[in-house]
Amino acid sequence: MLNLAKIIVDVPTMQTNEPYTYRIPEFLSDQLQRGMRVIVPFGNGSRKIQGIVWDIDYAGTFDGQLKDIESVMDLSPVLNSELLSMSKWMANKTFSFQISCILTMLPGVMHAKYQKQLKLLDSSIDNEDVKKLFYKSKIIDFNPEELENDILKNIIKLKRNNKIEIKYNVKNKAHAKKILGIQPIIKPSDVETIFKDVRKNAVNQQKLLTYIKDNPQEIIAQRYLCNKYNISESTIKTAIKKKWLIQTQIEEYRNPYKQKVERNYPLKLNNEQQSAVNKINDPIINSLDKVFLLEGVTGSGKTEVYLQAIQKALSMNKTALMLVPEISLTPQMSRRVKGRFGDRVAMLHSGLSNGERYDEWRRIERGEADVVVGARSAIFAPLNDIGIIIMDEEHDSSYKQDETPRYHTRDVAKWRAKYHKCPVVLGSATPSLESRARATKGLYDLIKLPHRINNKSLPKVNIIDMKNELINNGDEDFSDELLNAINNRISKGEQIVLMLNRRGYSSFIMCRTCGFVLKCPNCDISLTLHMDTKTMKCHYCGHEEQIPYKCPNCNDNKIRYYGTGTQKVQSKLQKLVPNSRIIRMDVDTTRKKGAHERLLQKFGQGKADILLGTQMIAKGLDFPNVTLVGVLNADTSLDLPDFRSSEKTFELLTQVSGRAGRAEKNGLVYIQTFNPDNYAIQLSKNQDYEQFYRTEMHLRHITNYPPYYFTVKITSSDVNESKAASKMFEISKILKAKLSNQTIMLGPSPSSILRIKNKYYYQIILKYKNEPNLHACLEYILQHYQKDAQKGLYVNIDPDPLNFM
DNA sequence: AGCACGCCGACT
DNA sequence: GTCGGCGTGCTC
């Protein structure tokens with residue numbers, strides 16, 4: 001049979017998580033292909049939804065009544081067979097629906113927009129409210145959420161009596177940008193004759209005719225033509241009237257690159273870099289899937305290694321995919337890659353509008369771009385013939401999606417590399433323990449770059465015990481040493497990076513009389529004082545309220561601010577070092593589009609002395625004039641209740657230290673802490689990753705944590721605390737019964753923040769080494785508890801969670 | 001997701 | 001009896 005197709009429908013439920021069979025109507029039989037989006041009828045009535053063609057020419061086994069595919073939404077497939085099979089693997093791996101995986105692979109504009117309309121069939125309705133709704137038209141948009149309850153009831157009644165019909169529309173948001181083009185329609189040979197009839201002083205028409213003679217039939221953007229030949233729009237209009245040319249629509253890519261980039265060329269590599277490139281080139285040349293872990297200290301020139309490996313892939317007529325954490329996709333980085341490979345580069349990052357993203361995607365899909373640079377979701381770029389996949393800062397937590405489907409970019413990268421038989425390069429100064437452990441086991445090839453380029457020495461790191469400082473000078477934010485160093489650098493005209501991993505002004509306020517702490521009404525978290533808006537803010541749900549001047553509890557006025565955030569440091573620093581120019585960079589100052597770039601650019605141009613920010617300034621910045629880095633409080637990440645807190649702290653301190661002394665001048669780093677003897681802090685002093693790795697691995701080993709164990713986090717959430725809790729206990733019973741006793745279960749227990757946005761969270765952590773039954777068991781749980789989702793009780797499975805919080 | 005069906009209590 | 005609330009199950 002040739003007239004059937006398997007469709008993955010856009011209904012994310014367990015029961016519909018398999019292809020549905022539809023008939024292919026005659027008029028579509030020629031054009032329908034795998035991987036195209038289609039519109040299909042679904043359910044009773046006239047409901048229509050989007051679907052993806054999973055298979056064609058399929059001998060159906062479904063024995064019910066089949067329906068016809070209604071229409072196709074694409075001229076060519078939007079998913080190739082690689083991405084189609086990957087979606088299936090991914091759904092299985094992340095315990096999510098295949099349609100959810102497919103949609104995360106596609107640019108947002110390709111997700112269908114569903115719109116409902118009401119059509120009046122019989123105008124003799126007597127309900128005044130509904131009549132008013134229709135006013136003068138027969139068809140109106142229908143948004144049940146926006147309507148009052150009894151109007152809605154009346155509409156449903158009228159629908160039952162066939163006086164109103166509900167129309168379902170599936171809208172395609174993917175539109176190519178069209179601009180006005182013109183095309184000459186006269187023969188070049190006729191131009192001479194026409195030319196004679198044109199008045200002598202009609203200069204512009206003559207110009208146009210000359211153009212037509214030289215470029216017969218050629219379609220050109222009207223705007224471009226007018227500019228180039230200095231012809232006005234009215235001349236074109238006349239030409240159309242005289243039937244010299246016709247107007248058409250031509251497609252144009254939205255251009256997100258406003259600035260011109262300067263061409264740059266491969267740099268001379270040192271021996272270490274050259275040997276790294278050679279090792280990576282081998283599997284590119286020989287089409288082998290291989291994973292490299294490129295462990296290079298900050299400033300060791302990893303980026304140049306990446307670029308030259310990409311060059312190799314391109315020279316083999318293959319494509320290249322380079323992934324970077326969103327935050328390090330700075331204009332610096334873009335310029336470097338674009339400057340090297342020019343128009344062959346497509347960029348995918350959050351700064352693009354939906355349309356721009358769609359256009360970059362299509363350039364890749366059409367083969368017009370063969371180098372893709374982007375953040376997490378760029379791993380789904382529709383490249384063919386991939387020759388190399390690079391993941392820079394592979395330890396970065398933004399590579400894991402923190403909503404369903406909870407995929408890790410590294411896993412997808414390895415899958416694609418296997419498919420394309422190409423190498424993956426995981427690069428970092430501080431690899432994740434998982435990756436480093438795999439390298440030790442021989443699963444990955446370890447390449448080390450232990451030296452900075454040009455044999456630049458690593459910055460000198462000083463650890464300052466803030467317990468002493470507090471006793472000596474009474475300041476909990478600035479030690480004398482750091483302050484002196486700041487003054488010294490400013491007087492020399494050098495720049496400073498200061499990190500404080502806490503935004504806002506003060507982290508909480510407390511009444512000194514009764515001990516009351518102002519908390520968020522929706523979350524179990526204290527409110528942070530923000531001075532810019534003069535409000536108390538919740539960093540989890542965004543709740544804002546007035547700053548109380550009296551204690552809401554005991555009415556006393558002894559309210560005090562505790563804990564320092566970036567805002568407070570900024571104003572304090574301004575007083576301590578009055579002539580300094582400070583740029584503050586945190587979520588609050590970078591919320592607007594492009595703000596991130598603007599601030600960095602300003603700092604790079606030397607228009608400020610101090611860059612003060614949260615962890616977002618720790619990565620990838622390369623400013624030659626920065627000679628001093630200060631970490632104001634190294635303990636914030638250390639205090640997190642999570643098994644990865646040491647790893648996070650070491651990583652952050654190493655990364656931020658690496659910002660100092662990257663050019664000729666030597667770098668100096670001060671790390672302020674209340675735990676000066678902590679190993680994560682001590683070892684970051686010499687960027688001693690290997691020693692940190694050994695110490696941390698030992699701890700993970702004796703405490704049974706990853707990478708010695710695999711983990712899964714199961715979370716339940718509900719507005720009712722006891723419902724969330726009891727569901728988790730029920731699940732724990734099932735798990736206990738079904739899993740082997742080698743698997744360790746932590747919990748059920750309340751999540752470390754019990755309540756967020758008025759929902760309570762309970763969780764179970766499973767730690768296991770080998771549990772063949774686990775997958776089926778978790779699938780069973782999902783299936784079993786899906787019906788609760790309608791009542792607002794959600795059960796979530798997070799495989800290999802990045803944290804246990 | 002969105003819809004219908006069917007069971008139950010409350011009401012004309 | 002009938003209306004409408006909600007729990008349940010199905011959609012090729």
# chains A, B, ... in the order shown; residues from 1 in each chain; ligands from 1

$ closest_atom_pairs --of "chain B" --to "chain A" --cutoff "10 Å" --atoms "only C-alpha atoms (C1' of nucleotides)" --output "Markdown table"
| residue | atom | partner | partner_atom | distance |
| --- | --- | --- | --- | --- |
| B:DA1 | C1' | A:Val11 | CA | 6.2 |
| B:DG2 | C1' | A:Gly43 | CA | 8.5 |
| B:DC3 | C1' | A:Asn44 | CA | 7.1 |
| B:DA4 | C1' | A:Asn44 | CA | 8.4 |

$ write_last_selection --atoms "all heavy atoms" --output "JSON list (two decimals), in the first residue's frame"
[["chain", "number", "residue", "atom", "x", "y", "z"],
["B", 1, "DA", "P", -1.29, 19.50, 28.49],
["B", 1, "DA", "OP1", -2.31, 19.83, 29.47],
["B", 1, "DA", "OP2", -0.51, 18.29, 28.39],
["B", 1, "DA", "O5'", -1.95, 19.68, 27.04],
["B", 1, "DA", "C5'", -2.38, 21.01, 26.73],
["B", 1, "DA", "C4'", -3.06, 20.95, 25.39],
["B", 1, "DA", "O4'", -3.09, 19.60, 24.89],
["B", 1, "DA", "C3'", -4.51, 21.42, 25.45],
["B", 1, "DA", "O3'", -4.77, 22.10, 24.24],
["B", 1, "DA", "C2'", -5.29, 20.12, 25.58],
["B", 1, "DA", "C1'", -4.45, 19.17, 24.75],
["B", 1, "DA", "N9", -4.51, 17.79, 25.26],
["B", 1, "DA", "C8", -4.00, 17.31, 26.43],
["B", 1, "DA", "N7", -4.16, 16.03, 26.59],
["B", 1, "DA", "C5", -4.84, 15.63, 25.45],
["B", 1, "DA", "C6", -5.32, 14.39, 25.01],
["B", 1, "DA", "N6", -5.18, 13.25, 25.71],
["B", 1, "DA", "N1", -5.96, 14.35, 23.82],
["B", 1, "DA", "C2", -6.10, 15.48, 23.13],
["B", 1, "DA", "N3", -5.69, 16.70, 23.44],
["B", 1, "DA", "C4", -5.06, 16.71, 24.62],
["B", 2, "DG", "P", -6.17, 22.96, 24.17],
["B", 2, "DG", "OP1", -6.08, 23.90, 23.03],
["B", 2, "DG", "OP2", -6.52, 23.46, 25.51],
["B", 2, "DG", "O5'", -7.18, 21.81, 23.81],
["B", 2, "DG", "C5'", -7.58, 21.64, 22.46],
["B", 2, "DG", "C4'", -8.71, 20.66, 22.44],
["B", 2, "DG", "O4'", -8.33, 19.47, 23.17],
["B", 2, "DG", "C3'", -10.00, 21.17, 23.12],
["B", 2, "DG", "O3'", -11.04, 20.77, 22.27],
["B", 2, "DG", "C2'", -10.02, 20.39, 24.44],
["B", 2, "DG", "C1'", -9.43, 19.08, 23.96],
["B", 2, "DG", "N9", -8.93, 18.17, 24.99],
["B", 2, "DG", "C8", -8.29, 18.48, 26.17],
["B", 2, "DG", "N7", -7.95, 17.42, 26.85],
["B", 2, "DG", "C5", -8.40, 16.34, 26.08],
["B", 2, "DG", "C6", -8.32, 14.95, 26.33],
["B", 2, "DG", "O6", -7.83, 14.37, 27.29],
["B", 2, "DG", "N1", -8.90, 14.22, 25.30],
["B", 2, "DG", "C2", -9.48, 14.76, 24.18],
["B", 2, "DG", "N2", -9.98, 13.91, 23.30],
["B", 2, "DG", "N3", -9.56, 16.06, 23.94],
["B", 2, "DG", "C4", -9.00, 16.80, 24.93],
["B", 3, "DC", "P", -12.37, 21.57, 22.22],
["B", 3, "DC", "OP1", -12.42, 22.25, 20.92],
["B", 3, "DC", "OP2", -12.53, 22.34, 23.47],
["B", 3, "DC", "O5'", -13.45, 20.41, 22.20],
["B", 3, "DC", "C5'", -13.28, 19.34, 21.28],
["B", 3, "DC", "C4'", -13.69, 18.06, 21.95],
["B", 3, "DC", "O4'", -12.76, 17.70, 22.98],
["B", 3, "DC", "C3'", -15.04, 18.14, 22.66],
["B", 3, "DC", "O3'", -16.02, 17.56, 21.81],
["B", 3, "DC", "C2'", -14.85, 17.35, 23.95],
["B", 3, "DC", "C1'", -13.44, 16.79, 23.81],
["B", 3, "DC", "N1", -12.72, 16.66, 25.11],
["B", 3, "DC", "C2", -12.42, 15.38, 25.56],
["B", 3, "DC", "O2", -12.75, 14.39, 24.89],
["B", 3, "DC", "N3", -11.77, 15.24, 26.74],
["B", 3, "DC", "C4", -11.42, 16.32, 27.44],
["B", 3, "DC", "N4", -10.78, 16.13, 28.58],
["B", 3, "DC", "C5", -11.73, 17.64, 27.00],
["B", 3, "DC", "C6", -12.38, 17.77, 25.83],
["B", 4, "DA", "P", -17.55, 17.65, 22.19],
["B", 4, "DA", "OP1", -18.30, 17.87, 20.94],
["B", 4, "DA", "OP2", -17.73, 18.54, 23.35],
["B", 4, "DA", "O5'", -17.80, 16.16, 22.68],
["B", 4, "DA", "C5'", -17.49, 15.07, 21.82],
["B", 4, "DA", "C4'", -17.69, 13.77, 22.57],
["B", 4, "DA", "O4'", -16.72, 13.69, 23.65],
["B", 4, "DA", "C3'", -19.06, 13.62, 23.22],
["B", 4, "DA", "O3'", -19.44, 12.26, 23.13],
["B", 4, "DA", "C2'", -18.81, 14.03, 24.67],
["B", 4, "DA", "C1'", -17.39, 13.50, 24.88],
["B", 4, "DA", "N9", -16.64, 14.21, 25.91],
["B", 4, "DA", "C8", -16.56, 15.56, 26.11],
["B", 4, "DA", "N7", -15.80, 15.91, 27.12],
["B", 4, "DA", "C5", -15.35, 14.70, 27.61],
["B", 4, "DA", "C6", -14.50, 14.39, 28.69],
["B", 4, "DA", "N6", -13.92, 15.31, 29.47],
["B", 4, "DA", "N1", -14.25, 13.08, 28.92],
["B", 4, "DA", "C2", -14.82, 12.16, 28.13],
["B", 4, "DA", "N3", -15.64, 12.34, 27.09],
["B", 4, "DA", "C4", -15.85, 13.65, 26.88]]

$ residues_around --residues "B:DC7" --least-positions-apart "5" --cutoff "12 Å" --atoms "only C-alpha atoms (C1' of nucleotides)" --output "list of chain:residue names"
C:DG5, C:DC6, C:DG7, C:DT8

$ residues_around --residues "stretch 741-751 of chain A" --least-positions-apart "3" --cutoff "9 Å" --atoms "only C-alpha atoms (C1' of nucleotides)" --output "PyMOL selection string"
chain A and resi 704+715+725+728-729+731-732+735-736+754-755+760-771+804-805

$ interface_residues --of "chain A" --to "chain C" --cutoff "6 Å" --atoms "only C-alpha atoms (C1' of nucleotides)" --output "PyMOL selection string"
chain A and resi 20-22+43+66

$ write_last_selection --atoms "C-alpha atoms" --output "short mmCIF file (atom, residue, chain, number, x, y, z; two decimals), in the first residue's frame"
data_model
loop_
_atom_site.label_atom_id
_atom_site.label_comp_id
_atom_site.auth_asym_id
_atom_site.auth_seq_id
_atom_site.Cartn_x
_atom_site.Cartn_y
_atom_site.Cartn_z
CA TYR A 20 -0.69 7.62 14.10
CA THR A 21 -1.69 6.28 10.72
CA TYR A 22 -3.32 8.59 8.19
CA GLY A 43 -10.42 13.67 17.53
CA LEU A 66 -8.56 6.15 8.98
#

$ atom_distance --atom1 "atom CA of A:Arg416" --atom2 "atom CA of A:Gly339"
26.8 Å

$ select_by_dssp --residues "stretch 127-341 of chain A" --states "strand (DSSP E or B)" --output "JSON, numbers by chain"
{"A": [139, 140, 141, 142, 164, 165, 166, 167, 168, 169, 170, 171, 177, 178, 179, 180, 181, 182, 183, 184, 220, 221, 245, 246, 247, 248, 249, 250, 251, 252, 290, 291, 292, 293, 294, 295, 296, 319, 320, 321, 322, 323]}

$ residues_around --residues "A:Gly442" --least-positions-apart "5" --cutoff "12 Å" --atoms "only C-alpha atoms (C1' of nucleotides)" --output "ChimeraX atom specification"
/A:290-293,435-437,447

$ write_last_selection --atoms "C-alpha atoms" --output "PDB file, in the first residue's frame"
ATOM      1  CA  LYS A 290      35.985   9.613  18.654  1.00  0.00           C
ATOM      2  CA  VAL A 291      35.669  11.819  21.718  1.00  0.00           C
ATOM      3  CA  PHE A 292      38.513  14.069  22.807  1.00  0.00           C
ATOM      4  CA  LEU A 293      38.769  15.819  26.104  1.00  0.00           C
ATOM      5  CA  SER A 435      34.185  13.629  31.389  1.00  0.00           C
ATOM      6  CA  ARG A 436      37.552  13.518  33.081  1.00  0.00           C
ATOM      7  CA  ALA A 437      36.731  10.127  34.589  1.00  0.00           C
ATOM      8  CA  ILE A 447      44.707  15.983  25.279  1.00  0.00           C
TER       9      ILE A 447
END

$ atom_distance --atom1 "atom CA of A:Ile151" --atom2 "atom CA of A:Val719"
28.8 Å

$ atom_distance --atom1 "atom CA of A:Gly64" --atom2 "atom CA of A:Arg23"
12.1 Å

$ closest_residue --among "A:Leu433, A:Leu208, A:Ala221, A:Ile547" --to "A:Glu651" --atoms "only C-alpha atoms"
A:Leu433

$ select_by_dssp --residues "stretch 680-803 of chain A" --states "helix (DSSP H, G or I)" --output "PyMOL selection string"
chain A and resi 680-684+689-703+721-738+774-789

$ residues_around --residues "A:Tyr549" --least-positions-apart "5" --cutoff "9 Å" --atoms "only C-alpha atoms (C1' of nucleotides)" --output "list in words"
Asp556, Asn557, Lys558 and Ile559 of chain A
